[in-house]
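Q: Quick one: the structure is below, and I'll ask about it shortly.
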Amino acid sequence: MAAEVVSLGCRMNLAEGESLRGLLRDADDLVVVNSCAVTAEAVRQTRQTIRRLRRARPEARLIVTGCAARTERTALAAMAEVDGLVDNTAKLDARAWNVAGLPGPVAPGAYTRAYVVVQNGCDHACTFCVIPQGRGPSRSVPVPEVIDEVTRRVDAGAAEVVLSGVDLTSWGHDLPGAPVLGDLVAAILHHVPTLPRLRLSSVDGVELDPRLIALIGSEPRLMPHLHLSLQHGHDLILKRMKRRHTMAQTRALVADLRRQRPDLALGADLIAGFPTEDDAMHRASLAAIDELGIVHGHVFPYSPRPGTPAARMPQVPLEVIRARAAELRRAVAARREAWLGSLLHQPLSVLAESDGTGHAQNFARVRLAPTVPRGQIVTVIPERIVEGLLA
């Protein structure tokens, strides 16, 4: 049986998982868990997945890579189900797997949306985060390599490419001349004219460069959808997180972007129950959802990660964390429902996917007729909302 790769966690891991499938395409009876360590729950799911795959594939060789393979190395290596670990920073290096060759060609029509990793690692030190431990320092993929990969994915039929990275907006600082992310986006749009849609994954708003902001405001092939690594709505908590932005800066950025691109849909990461958070600070995060118009929200209950400064701060009780996370999710859901209502009876450009739905340019999910082939971009005028989908 061919290698099985199971990726957990972020879009970076999903994109790297696809590369691993190509790299290990000729490996027999191999199971790879591409793990996540961003929260304690992610580590628990990693261990659960390892046990499940071992039960399903008792004769296979089971290898763990990903962030948890670094941050939880000793504990995972001690699991009876695990045959070995490959360091996260080496997982796309053929030598680490004792196989020859590089990631194989993408099968035509394999993907409607392709995630292309252009940056890895992080040089920052947010007090809650273990990702720098799991992925190492920031590294950028040079422009020619990115263009080659985007071209390869478009030639294979991808109608949309998502640029991904651990700290995407730090792309370029380690390359000759220190280009900025706007330079990379401009180069892709220029050199791959057949790419219909380009999308950005999570970005750090304080690092958005003027050229990228101008492109977001003017380039129709760059999707009007931005996901901010916001984390919280209160400046004191942001300071204790060691984030580099203030809420005033975020408000000004979002206002500027919406002046240039009124149809911009905003997403954000929000952490509930960070150490020292009181009720007033929590209400500031709730207020930010409506104030900024966050319609794609990723809410994470805070969990202490060993070795991080935040783990040594005064902790919020677990039951309070859970209640605040639920309240944030309800607030995002209400804002999203109102936003979806505003899109009714308006034409949307939708990329059809394999499950009878698709995503519009603003990443609203739309139910499509079963006759629409996967990978086709169609114009849809939704008339109602059904179970959180436009239809």
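Residues in the structure tokens are named by chain (A, B, ... in the order shown) and by number from 1 within that chain; ligands are numbered from 1 in the order shown.
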Could you give me, as a PDB file with all heavy atoms, in the first residue's frame, each residue of region 79-282 of chain A that DSSP assigns to strand (DSSP E or B) when run on this structure's backbone?
A:
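Final file, out.pdb:
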ATOM      1  N   GLY A  84       9.266   6.210  14.393  1.00  0.00           N
ATOM      2  CA  GLY A  84      10.340   7.174  14.220  1.00  0.00           C
ATOM      3  C   GLY A  84       9.797   8.571  14.040  1.00  0.00           C
ATOM      4  O   GLY A  84       8.585   8.774  13.873  1.00  0.00           O
ATOM      5  N   LEU A  85      10.682   9.573  14.115  1.00  0.00           N
ATOM      6  CA  LEU A  85      10.319  10.976  13.929  1.00  0.00           C
ATOM      7  C   LEU A  85      11.237  11.610  12.896  1.00  0.00           C
ATOM      8  O   LEU A  85      12.418  11.262  12.810  1.00  0.00           O
ATOM      9  CB  LEU A  85      10.427  11.758  15.243  1.00  0.00           C
ATOM     10  CG  LEU A  85       9.427  11.388  16.343  1.00  0.00           C
ATOM     11  CD1 LEU A  85      10.021  10.330  17.258  1.00  0.00           C
ATOM     12  CD2 LEU A  85       9.036  12.614  17.150  1.00  0.00           C
ATOM     13  N   ARG A 113      -8.160  24.393  -5.588  1.00  0.00           N
ATOM     14  CA  ARG A 113      -7.452  25.448  -4.846  1.00  0.00           C
ATOM     15  C   ARG A 113      -6.132  24.866  -4.382  1.00  0.00           C
ATOM     16  O   ARG A 113      -6.093  23.823  -3.737  1.00  0.00           O
ATOM     17  CB  ARG A 113      -8.284  25.912  -3.658  1.00  0.00           C
ATOM     18  CG  ARG A 113      -7.609  26.957  -2.785  1.00  0.00           C
ATOM     19  CD  ARG A 113      -8.471  27.391  -1.617  1.00  0.00           C
ATOM     20  NE  ARG A 113      -9.696  28.028  -2.081  1.00  0.00           N
ATOM     21  CZ  ARG A 113     -10.892  27.458  -2.055  1.00  0.00           C
ATOM     22  NH1 ARG A 113     -11.025  26.238  -1.560  1.00  0.00           N
ATOM     23  NH2 ARG A 113     -11.948  28.088  -2.508  1.00  0.00           N
ATOM     24  N   ALA A 114      -5.022  25.534  -4.691  1.00  0.00           N
ATOM     25  CA  ALA A 114      -3.696  25.039  -4.337  1.00  0.00           C
ATOM     26  C   ALA A 114      -3.064  25.954  -3.304  1.00  0.00           C
ATOM     27  O   ALA A 114      -3.060  27.177  -3.467  1.00  0.00           O
ATOM     28  CB  ALA A 114      -2.807  24.963  -5.575  1.00  0.00           C
ATOM     29  N   TYR A 115      -2.535  25.363  -2.248  1.00  0.00           N
ATOM     30  CA  TYR A 115      -1.807  26.118  -1.229  1.00  0.00           C
ATOM     31  C   TYR A 115      -0.318  26.051  -1.544  1.00  0.00           C
ATOM     32  O   TYR A 115       0.263  24.962  -1.635  1.00  0.00           O
ATOM     33  CB  TYR A 115      -2.080  25.538   0.155  1.00  0.00           C
ATOM     34  CG  TYR A 115      -3.509  25.743   0.593  1.00  0.00           C
ATOM     35  CD1 TYR A 115      -4.479  24.758   0.354  1.00  0.00           C
ATOM     36  CD2 TYR A 115      -3.908  26.909   1.222  1.00  0.00           C
ATOM     37  CE1 TYR A 115      -5.794  24.944   0.746  1.00  0.00           C
ATOM     38  CE2 TYR A 115      -5.224  27.107   1.612  1.00  0.00           C
ATOM     39  CZ  TYR A 115      -6.157  26.113   1.374  1.00  0.00           C
ATOM     40  OH  TYR A 115      -7.467  26.310   1.756  1.00  0.00           O
ATOM     41  N   VAL A 116       0.287  27.203  -1.733  1.00  0.00           N
ATOM     42  CA  VAL A 116       1.707  27.277  -2.083  1.00  0.00           C
ATOM     43  C   VAL A 116       2.443  27.940  -0.924  1.00  0.00           C
ATOM     44  O   VAL A 116       2.182  29.096  -0.581  1.00  0.00           O
ATOM     45  CB  VAL A 116       1.908  28.074  -3.389  1.00  0.00           C
ATOM     46  CG1 VAL A 116       3.389  28.295  -3.660  1.00  0.00           C
ATOM     47  CG2 VAL A 116       1.248  27.336  -4.556  1.00  0.00           C
ATOM     48  N   VAL A 117       3.363  27.192  -0.316  1.00  0.00           N
ATOM     49  CA  VAL A 117       4.123  27.695   0.827  1.00  0.00           C
ATOM     50  C   VAL A 117       5.267  28.558   0.311  1.00  0.00           C
ATOM     51  O   VAL A 117       6.125  28.089  -0.437  1.00  0.00           O
ATOM     52  CB  VAL A 117       4.670  26.534   1.674  1.00  0.00           C
ATOM     53  CG1 VAL A 117       5.563  27.065   2.799  1.00  0.00           C
ATOM     54  CG2 VAL A 117       3.528  25.696   2.232  1.00  0.00           C
ATOM     55  N   VAL A 118       5.277  29.824   0.724  1.00  0.00           N
ATOM     56  CA  VAL A 118       6.318  30.755   0.269  1.00  0.00           C
ATOM     57  C   VAL A 118       7.227  31.198   1.418  1.00  0.00           C
ATOM     58  O   VAL A 118       8.250  31.851   1.192  1.00  0.00           O
ATOM     59  CB  VAL A 118       5.704  31.995  -0.410  1.00  0.00           C
ATOM     60  CG1 VAL A 118       4.844  31.578  -1.591  1.00  0.00           C
ATOM     61  CG2 VAL A 118       4.901  32.847   0.570  1.00  0.00           C
ATOM     62  N   GLN A 119       6.851  30.855   2.636  1.00  0.00           N
ATOM     63  CA  GLN A 119       7.635  31.275   3.805  1.00  0.00           C
ATOM     64  C   GLN A 119       7.425  30.253   4.904  1.00  0.00           C
ATOM     65  O   GLN A 119       6.362  29.640   5.022  1.00  0.00           O
ATOM     66  CB  GLN A 119       7.183  32.665   4.261  1.00  0.00           C
ATOM     67  CG  GLN A 119       7.935  33.278   5.430  1.00  0.00           C
ATOM     68  CD  GLN A 119       7.396  32.829   6.780  1.00  0.00           C
ATOM     69  OE1 GLN A 119       6.256  32.387   6.893  1.00  0.00           O
ATOM     70  NE2 GLN A 119       8.225  32.933   7.814  1.00  0.00           N
ATOM     71  N   ASN A 120       8.454  30.062   5.730  1.00  0.00           N
ATOM     72  CA  ASN A 120       8.350  29.122   6.842  1.00  0.00           C
ATOM     73  C   ASN A 120       9.094  29.697   8.036  1.00  0.00           C
ATOM     74  O   ASN A 120       9.985  30.531   7.892  1.00  0.00           O
ATOM     75  CB  ASN A 120       8.945  27.764   6.446  1.00  0.00           C
ATOM     76  CG  ASN A 120       8.312  26.620   7.201  1.00  0.00           C
ATOM     77  OD1 ASN A 120       7.825  26.794   8.317  1.00  0.00           O
ATOM     78  ND2 ASN A 120       8.316  25.440   6.596  1.00  0.00           N
ATOM     79  N   ARG A 139      12.246  31.718   6.981  1.00  0.00           N
ATOM     80  CA  ARG A 139      12.928  31.496   5.699  1.00  0.00           C
ATOM     81  C   ARG A 139      11.949  31.765   4.566  1.00  0.00           C
ATOM     82  O   ARG A 139      10.799  31.360   4.638  1.00  0.00           O
ATOM     83  CB  ARG A 139      13.433  30.048   5.550  1.00  0.00           C
ATOM     84  CG  ARG A 139      14.555  29.651   6.485  1.00  0.00           C
ATOM     85  CD  ARG A 139      14.046  28.914   7.706  1.00  0.00           C
ATOM     86  NE  ARG A 139      13.414  27.652   7.381  1.00  0.00           N
ATOM     87  CZ  ARG A 139      12.576  27.015   8.199  1.00  0.00           C
ATOM     88  NH1 ARG A 139      12.238  27.552   9.354  1.00  0.00           N
ATOM     89  NH2 ARG A 139      12.061  25.852   7.861  1.00  0.00           N
ATOM     90  N   SER A 140      12.443  32.438   3.527  1.00  0.00           N
ATOM     91  CA  SER A 140      11.595  32.807   2.392  1.00  0.00           C
ATOM     92  C   SER A 140      11.968  31.998   1.153  1.00  0.00           C
ATOM     93  O   SER A 140      13.143  31.713   0.918  1.00  0.00           O
ATOM     94  CB  SER A 140      11.740  34.304   2.074  1.00  0.00           C
ATOM     95  OG  SER A 140      11.477  35.091   3.202  1.00  0.00           O
ATOM     96  N   GLU A 160      -7.351  28.588  -8.285  1.00  0.00           N
ATOM     97  CA  GLU A 160      -7.030  29.542  -7.230  1.00  0.00           C
ATOM     98  C   GLU A 160      -5.779  29.067  -6.507  1.00  0.00           C
ATOM     99  O   GLU A 160      -5.627  27.876  -6.216  1.00  0.00           O
ATOM    100  CB  GLU A 160      -8.192  29.662  -6.252  1.00  0.00           C
ATOM    101  CG  GLU A 160      -7.939  30.632  -5.110  1.00  0.00           C
ATOM    102  CD  GLU A 160      -9.161  30.806  -4.223  1.00  0.00           C
ATOM    103  OE1 GLU A 160     -10.212  31.247  -4.755  1.00  0.00           O
ATOM    104  OE2 GLU A 160      -9.087  30.482  -3.029  1.00  0.00           O
ATOM    105  N   VAL A 161      -4.903  29.996  -6.207  1.00  0.00           N
ATOM    106  CA  VAL A 161      -3.698  29.715  -5.436  1.00  0.00           C
ATOM    107  C   VAL A 161      -3.744  30.546  -4.158  1.00  0.00           C
ATOM    108  O   VAL A 161      -4.073  31.729  -4.192  1.00  0.00           O
ATOM    109  CB  VAL A 161      -2.419  30.032  -6.243  1.00  0.00           C
ATOM    110  CG1 VAL A 161      -1.196  30.126  -5.333  1.00  0.00           C
ATOM    111  CG2 VAL A 161      -2.201  28.972  -7.312  1.00  0.00           C
ATOM    112  N   VAL A 162      -3.436  29.892  -3.040  1.00  0.00           N
ATOM    113  CA  VAL A 162      -3.381  30.567  -1.745  1.00  0.00           C
ATOM    114  C   VAL A 162      -1.919  30.604  -1.296  1.00  0.00           C
ATOM    115  O   VAL A 162      -1.288  29.555  -1.133  1.00  0.00           O
ATOM    116  CB  VAL A 162      -4.229  29.830  -0.693  1.00  0.00           C
ATOM    117  CG1 VAL A 162      -4.213  30.604   0.630  1.00  0.00           C
ATOM    118  CG2 VAL A 162      -5.653  29.627  -1.180  1.00  0.00           C
ATOM    119  N   LEU A 163      -1.383  31.802  -1.111  1.00  0.00           N
ATOM    120  CA  LEU A 163      -0.021  31.937  -0.618  1.00  0.00           C
ATOM    121  C   LEU A 163      -0.019  31.714   0.891  1.00  0.00           C
ATOM    122  O   LEU A 163      -0.751  32.388   1.627  1.00  0.00           O
ATOM    123  CB  LEU A 163       0.546  33.317  -0.940  1.00  0.00           C
ATOM    124  CG  LEU A 163       0.665  33.680  -2.421  1.00  0.00           C
ATOM    125  CD1 LEU A 163       1.369  35.024  -2.572  1.00  0.00           C
ATOM    126  CD2 LEU A 163       1.411  32.602  -3.205  1.00  0.00           C
ATOM    127  N   SER A 164       0.823  30.790   1.348  1.00  0.00           N
ATOM    128  CA  SER A 164       0.812  30.390   2.747  1.00  0.00           C
ATOM    129  C   SER A 164       2.176  30.581   3.378  1.00  0.00           C
ATOM    130  O   SER A 164       3.208  30.505   2.706  1.00  0.00           O
ATOM    131  CB  SER A 164       0.388  28.918   2.876  1.00  0.00           C
ATOM    132  OG  SER A 164      -0.893  28.718   2.332  1.00  0.00           O
ATOM    133  N   GLY A 165       2.168  30.790   4.686  1.00  0.00           N
ATOM    134  CA  GLY A 165       3.402  30.902   5.443  1.00  0.00           C
ATOM    135  C   GLY A 165       3.086  30.966   6.923  1.00  0.00           C
ATOM    136  O   GLY A 165       1.972  31.313   7.316  1.00  0.00           O
ATOM    137  N   ARG A 197      -7.295  33.352  -9.817  1.00  0.00           N
ATOM    138  CA  ARG A 197      -7.539  33.901  -8.482  1.00  0.00           C
ATOM    139  C   ARG A 197      -6.326  33.653  -7.588  1.00  0.00           C
ATOM    140  O   ARG A 197      -5.807  32.540  -7.515  1.00  0.00           O
ATOM    141  CB  ARG A 197      -8.779  33.252  -7.850  1.00  0.00           C
ATOM    142  CG  ARG A 197     -10.043  33.595  -8.585  1.00  0.00           C
ATOM    143  CD  ARG A 197     -11.251  32.704  -8.317  1.00  0.00           C
ATOM    144  NE  ARG A 197     -11.600  32.446  -6.953  1.00  0.00           N
ATOM    145  CZ  ARG A 197     -12.867  32.460  -6.495  1.00  0.00           C
ATOM    146  NH1 ARG A 197     -13.863  32.812  -7.301  1.00  0.00           N
ATOM    147  NH2 ARG A 197     -13.136  32.160  -5.261  1.00  0.00           N
ATOM    148  N   LEU A 198      -5.920  34.705  -6.882  1.00  0.00           N
ATOM    149  CA  LEU A 198      -4.826  34.619  -5.911  1.00  0.00           C
ATOM    150  C   LEU A 198      -5.365  35.078  -4.565  1.00  0.00           C
ATOM    151  O   LEU A 198      -6.016  36.110  -4.462  1.00  0.00           O
ATOM    152  CB  LEU A 198      -3.655  35.497  -6.348  1.00  0.00           C
ATOM    153  CG  LEU A 198      -2.418  35.482  -5.446  1.00  0.00           C
ATOM    154  CD1 LEU A 198      -1.771  34.096  -5.411  1.00  0.00           C
ATOM    155  CD2 LEU A 198      -1.393  36.514  -5.934  1.00  0.00           C
ATOM    156  N   ARG A 199      -5.063  34.297  -3.538  1.00  0.00           N
ATOM    157  CA  ARG A 199      -5.568  34.591  -2.200  1.00  0.00           C
ATOM    158  C   ARG A 199      -4.409  34.540  -1.209  1.00  0.00           C
ATOM    159  O   ARG A 199      -3.438  33.798  -1.411  1.00  0.00           O
ATOM    160  CB  ARG A 199      -6.651  33.577  -1.806  1.00  0.00           C
ATOM    161  CG  ARG A 199      -7.500  33.979  -0.612  1.00  0.00           C
ATOM    162  CD  ARG A 199      -8.543  32.900  -0.287  1.00  0.00           C
ATOM    163  NE  ARG A 199      -9.508  32.650  -1.340  1.00  0.00           N
ATOM    164  CZ  ARG A 199     -10.616  33.334  -1.533  1.00  0.00           C
ATOM    165  NH1 ARG A 199     -10.908  34.350  -0.720  1.00  0.00           N
ATOM    166  NH2 ARG A 199     -11.451  33.034  -2.513  1.00  0.00           N
ATOM    167  N   LEU A 200      -4.500  35.297  -0.141  1.00  0.00           N
ATOM    168  CA  LEU A 200      -3.488  35.290   0.908  1.00  0.00           C
ATOM    169  C   LEU A 200      -4.026  34.527   2.116  1.00  0.00           C
ATOM    170  O   LEU A 200      -5.202  34.634   2.464  1.00  0.00           O
ATOM    171  CB  LEU A 200      -3.138  36.715   1.345  1.00  0.00           C
ATOM    172  CG  LEU A 200      -2.639  37.672   0.257  1.00  0.00           C
ATOM    173  CD1 LEU A 200      -2.414  39.056   0.853  1.00  0.00           C
ATOM    174  CD2 LEU A 200      -1.361  37.155  -0.384  1.00  0.00           C
ATOM    175  N   VAL A 203      -2.275  36.920   7.722  1.00  0.00           N
ATOM    176  CA  VAL A 203      -1.236  37.949   7.637  1.00  0.00           C
ATOM    177  C   VAL A 203      -1.166  38.724   8.949  1.00  0.00           C
ATOM    178  O   VAL A 203      -2.142  38.811   9.703  1.00  0.00           O
ATOM    179  CB  VAL A 203      -1.483  38.932   6.471  1.00  0.00           C
ATOM    180  CG1 VAL A 203      -1.442  38.213   5.136  1.00  0.00           C
ATOM    181  CG2 VAL A 203      -2.799  39.681   6.652  1.00  0.00           C
ATOM    182  N   LEU A 222      -6.662  39.428  -7.147  1.00  0.00           N
ATOM    183  CA  LEU A 222      -6.315  39.238  -5.749  1.00  0.00           C
ATOM    184  C   LEU A 222      -7.605  39.320  -4.944  1.00  0.00           C
ATOM    185  O   LEU A 222      -8.285  40.339  -4.931  1.00  0.00           O
ATOM    186  CB  LEU A 222      -5.322  40.311  -5.293  1.00  0.00           C
ATOM    187  CG  LEU A 222      -4.745  40.173  -3.880  1.00  0.00           C
ATOM    188  CD1 LEU A 222      -4.052  38.839  -3.693  1.00  0.00           C
ATOM    189  CD2 LEU A 222      -3.772  41.315  -3.598  1.00  0.00           C
ATOM    190  N   HIS A 225     -10.332  39.237   0.473  1.00  0.00           N
ATOM    191  CA  HIS A 225     -10.487  38.430   1.684  1.00  0.00           C
ATOM    192  C   HIS A 225      -9.152  38.437   2.411  1.00  0.00           C
ATOM    193  O   HIS A 225      -8.134  38.034   1.857  1.00  0.00           O
ATOM    194  CB  HIS A 225     -10.885  36.994   1.286  1.00  0.00           C
ATOM    195  CG  HIS A 225     -10.736  35.995   2.388  1.00  0.00           C
ATOM    196  ND1 HIS A 225     -10.182  34.741   2.163  1.00  0.00           N
ATOM    197  CD2 HIS A 225     -11.029  36.045   3.706  1.00  0.00           C
ATOM    198  CE1 HIS A 225     -10.159  34.067   3.291  1.00  0.00           C
ATOM    199  NE2 HIS A 225     -10.661  34.847   4.249  1.00  0.00           N
ATOM    200  N   LEU A 226      -9.157  38.940   3.638  1.00  0.00           N
ATOM    201  CA  LEU A 226      -7.926  39.049   4.405  1.00  0.00           C
ATOM    202  C   LEU A 226      -8.165  38.476   5.794  1.00  0.00           C
ATOM    203  O   LEU A 226      -9.167  38.797   6.449  1.00  0.00           O
ATOM    204  CB  LEU A 226      -7.504  40.520   4.512  1.00  0.00           C
ATOM    205  CG  LEU A 226      -6.012  40.817   4.700  1.00  0.00           C
ATOM    206  CD1 LEU A 226      -5.210  40.293   3.517  1.00  0.00           C
ATOM    207  CD2 LEU A 226      -5.793  42.312   4.869  1.00  0.00           C
ATOM    208  N   HIS A 227      -7.229  37.622   6.228  1.00  0.00           N
ATOM    209  CA  HIS A 227      -7.335  37.024   7.561  1.00  0.00           C
ATOM    210  C   HIS A 227      -6.198  37.568   8.419  1.00  0.00           C
ATOM    211  O   HIS A 227      -5.024  37.305   8.153  1.00  0.00           O
ATOM    212  CB  HIS A 227      -7.262  35.501   7.482  1.00  0.00           C
ATOM    213  CG  HIS A 227      -7.656  34.836   8.760  1.00  0.00           C
ATOM    214  ND1 HIS A 227      -8.943  34.424   9.022  1.00  0.00           N
ATOM    215  CD2 HIS A 227      -6.938  34.530   9.866  1.00  0.00           C
ATOM    216  CE1 HIS A 227      -8.997  33.888  10.226  1.00  0.00           C
ATOM    217  NE2 HIS A 227      -7.782  33.942  10.763  1.00  0.00           N
ATOM    218  N   LEU A 228      -6.559  38.336   9.448  1.00  0.00           N
ATOM    219  CA  LEU A 228      -5.567  38.999  10.289  1.00  0.00           C
ATOM    220  C   LEU A 228      -5.201  38.130  11.491  1.00  0.00           C
ATOM    221  O   LEU A 228      -6.076  37.526  12.129  1.00  0.00           O
ATOM    222  CB  LEU A 228      -6.108  40.339  10.803  1.00  0.00           C
ATOM    223  CG  LEU A 228      -6.399  41.421   9.776  1.00  0.00           C
ATOM    224  CD1 LEU A 228      -6.935  42.664  10.477  1.00  0.00           C
ATOM    225  CD2 LEU A 228      -5.162  41.772   8.966  1.00  0.00           C
ATOM    226  N   SER A 229      -3.919  38.114  11.798  1.00  0.00           N
ATOM    227  CA  SER A 229      -3.457  37.493  13.034  1.00  0.00           C
ATOM    228  C   SER A 229      -3.656  38.513  14.156  1.00  0.00           C
ATOM    229  O   SER A 229      -2.701  39.095  14.669  1.00  0.00           O
ATOM    230  CB  SER A 229      -1.979  37.097  12.898  1.00  0.00           C
ATOM    231  OG  SER A 229      -1.526  36.482  14.079  1.00  0.00           O
ATOM    232  N   LEU A 230      -4.912  38.712  14.528  1.00  0.00           N
ATOM    233  CA  LEU A 230      -5.278  39.772  15.476  1.00  0.00           C
ATOM    234  C   LEU A 230      -5.005  39.353  16.918  1.00  0.00           C
ATOM    235  O   LEU A 230      -4.377  40.077  17.677  1.00  0.00           O
ATOM    236  CB  LEU A 230      -6.759  40.117  15.290  1.00  0.00           C
ATOM    237  CG  LEU A 230      -7.329  41.215  16.185  1.00  0.00           C
ATOM    238  CD1 LEU A 230      -6.659  42.549  15.917  1.00  0.00           C
ATOM    239  CD2 LEU A 230      -8.843  41.320  15.987  1.00  0.00           C
ATOM    240  N   GLN A 231      -5.541  38.206  17.306  1.00  0.00           N
ATOM    241  CA  GLN A 231      -5.355  37.553  18.605  1.00  0.00           C
ATOM    242  C   GLN A 231      -6.178  38.150  19.741  1.00  0.00           C
ATOM    243  O   GLN A 231      -6.644  37.407  20.600  1.00  0.00           O
ATOM    244  CB  GLN A 231      -3.871  37.492  19.015  1.00  0.00           C
ATOM    245  CG  GLN A 231      -2.931  36.941  17.978  1.00  0.00           C
ATOM    246  CD  GLN A 231      -3.307  35.561  17.458  1.00  0.00           C
ATOM    247  OE1 GLN A 231      -4.184  34.889  17.980  1.00  0.00           O
ATOM    248  NE2 GLN A 231      -2.644  35.134  16.386  1.00  0.00           N
ATOM    249  N   ALA A 265     -13.748  41.129   2.760  1.00  0.00           N
ATOM    250  CA  ALA A 265     -14.244  40.302   3.869  1.00  0.00           C
ATOM    251  C   ALA A 265     -13.087  40.030   4.810  1.00  0.00           C
ATOM    252  O   ALA A 265     -12.007  39.614   4.375  1.00  0.00           O
ATOM    253  CB  ALA A 265     -14.827  38.997   3.340  1.00  0.00           C
ATOM    254  N   LEU A 266     -13.325  40.244   6.088  1.00  0.00           N
ATOM    255  CA  LEU A 266     -12.238  40.171   7.065  1.00  0.00           C
ATOM    256  C   LEU A 266     -12.389  38.945   7.957  1.00  0.00           C
ATOM    257  O   LEU A 266     -13.465  38.665   8.489  1.00  0.00           O
ATOM    258  CB  LEU A 266     -12.231  41.435   7.922  1.00  0.00           C
ATOM    259  CG  LEU A 266     -11.013  41.626   8.834  1.00  0.00           C
ATOM    260  CD1 LEU A 266      -9.762  41.882   7.995  1.00  0.00           C
ATOM    261  CD2 LEU A 266     -11.248  42.787   9.789  1.00  0.00           C
ATOM    262  N   GLY A 267     -11.279  38.227   8.123  1.00  0.00           N
ATOM    263  CA  GLY A 267     -11.191  37.151   9.097  1.00  0.00           C
ATOM    264  C   GLY A 267     -10.152  37.506  10.138  1.00  0.00           C
ATOM    265  O   GLY A 267      -9.350  38.426   9.956  1.00  0.00           O
ATOM    266  N   ALA A 268     -10.159  36.768  11.243  1.00  0.00           N
ATOM    267  CA  ALA A 268      -9.185  37.051  12.299  1.00  0.00           C
ATOM    268  C   ALA A 268      -9.070  35.865  13.241  1.00  0.00           C
ATOM    269  O   ALA A 268     -10.039  35.129  13.461  1.00  0.00           O
ATOM    270  CB  ALA A 268      -9.563  38.297  13.088  1.00  0.00           C
ATOM    271  N   ASP A 269      -7.879  35.701  13.802  1.00  0.00           N
ATOM    272  CA  ASP A 269      -7.651  34.773  14.906  1.00  0.00           C
ATOM    273  C   ASP A 269      -7.890  35.518  16.211  1.00  0.00           C
ATOM    274  O   ASP A 269      -7.440  36.660  16.380  1.00  0.00           O
ATOM    275  CB  ASP A 269      -6.210  34.256  14.897  1.00  0.00           C
ATOM    276  CG  ASP A 269      -5.885  33.440  13.653  1.00  0.00           C
ATOM    277  OD1 ASP A 269      -6.794  32.753  13.157  1.00  0.00           O
ATOM    278  OD2 ASP A 269      -4.735  33.485  13.207  1.00  0.00           O
ATOM    279  N   LEU A 270      -8.580  34.872  17.153  1.00  0.00           N
ATOM    280  CA  LEU A 270      -8.847  35.453  18.464  1.00  0.00           C
ATOM    281  C   LEU A 270      -8.592  34.403  19.533  1.00  0.00           C
ATOM    282  O   LEU A 270      -9.073  33.268  19.423  1.00  0.00           O
ATOM    283  CB  LEU A 270     -10.285  35.957  18.560  1.00  0.00           C
ATOM    284  CG  LEU A 270     -10.638  37.207  17.749  1.00  0.00           C
ATOM    285  CD1 LEU A 270     -12.151  37.393  17.698  1.00  0.00           C
ATOM    286  CD2 LEU A 270      -9.969  38.440  18.337  1.00  0.00           C
ATOM    287  N   ILE A 271      -7.841  34.770  20.550  1.00  0.00           N
ATOM    288  CA  ILE A 271      -7.560  33.883  21.666  1.00  0.00           C
ATOM    289  C   ILE A 271      -8.423  34.296  22.851  1.00  0.00           C
ATOM    290  O   ILE A 271      -8.414  35.458  23.257  1.00  0.00           O
ATOM    291  CB  ILE A 271      -6.071  33.923  22.055  1.00  0.00           C
ATOM    292  CG1 ILE A 271      -5.211  33.377  20.900  1.00  0.00           C
ATOM    293  CG2 ILE A 271      -5.818  33.120  23.332  1.00  0.00           C
ATOM    294  CD1 ILE A 271      -3.719  33.457  21.160  1.00  0.00           C
ATOM    295  N   ALA A 272      -9.170  33.350  23.396  1.00  0.00           N
ATOM    296  CA  ALA A 272     -10.028  33.602  24.555  1.00  0.00           C
ATOM    297  C   ALA A 272      -9.319  33.171  25.830  1.00  0.00           C
ATOM    298  O   ALA A 272      -8.711  32.106  25.890  1.00  0.00           O
ATOM    299  CB  ALA A 272     -11.335  32.828  24.414  1.00  0.00           C
TER     300      ALA A 272
END
Q: How far is it from CA of Trp339 (chain A) to CA of Leu257 (chain A), in Å with one decimal?
A: 17.5 Å
Q: So, with only C-alpha atoms as the atoms that count, which of A:Ser202, A:Thr151, A:Thr112, A:Thr169 lies closest to Leu351 (chain A)?
A: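 Closest to Leu351 (chain A), using only C-alpha atoms: A:Thr112.
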Q: Compare A:Ile63, A:Leu181, A:Leu215, A:Leu236 by their minimum atom-to-atom distance to Asp278 (chain A), counting only C-alpha atoms, and give me the closest one.
A: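 Closest candidate: A:Leu236.
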Q: Which residues of region 341-386 of chain A come within 12 Å of region 319-336 of chain A, and for each one, what is the closest pair of atoms and their distance in Å to one decimal, counting only C-alpha atoms, sorted by chain and residue number, as CSV?
A:
residue,atom,partner,partner_atom,distance
A:Gly341,CA,A:Arg336,CA,8.5
A:Ser342,CA,A:Arg336,CA,9.8
A:Leu343,CA,A:Arg336,CA,10.8
A:Phe363,CA,A:Arg336,CA,11.5
A:Ala364,CA,A:Arg336,CA,9.4
A:Arg365,CA,A:Arg336,CA,11.3
A:Ile385,CA,A:Arg336,CA,11.3
Q: By how many Å are CA of Arg374 (chain A) and CA of Arg21 (chain A) apart?
A: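 Taking CA of Arg374 (chain A) and CA of Arg21 (chain A), their separation equals 21.9 Å.
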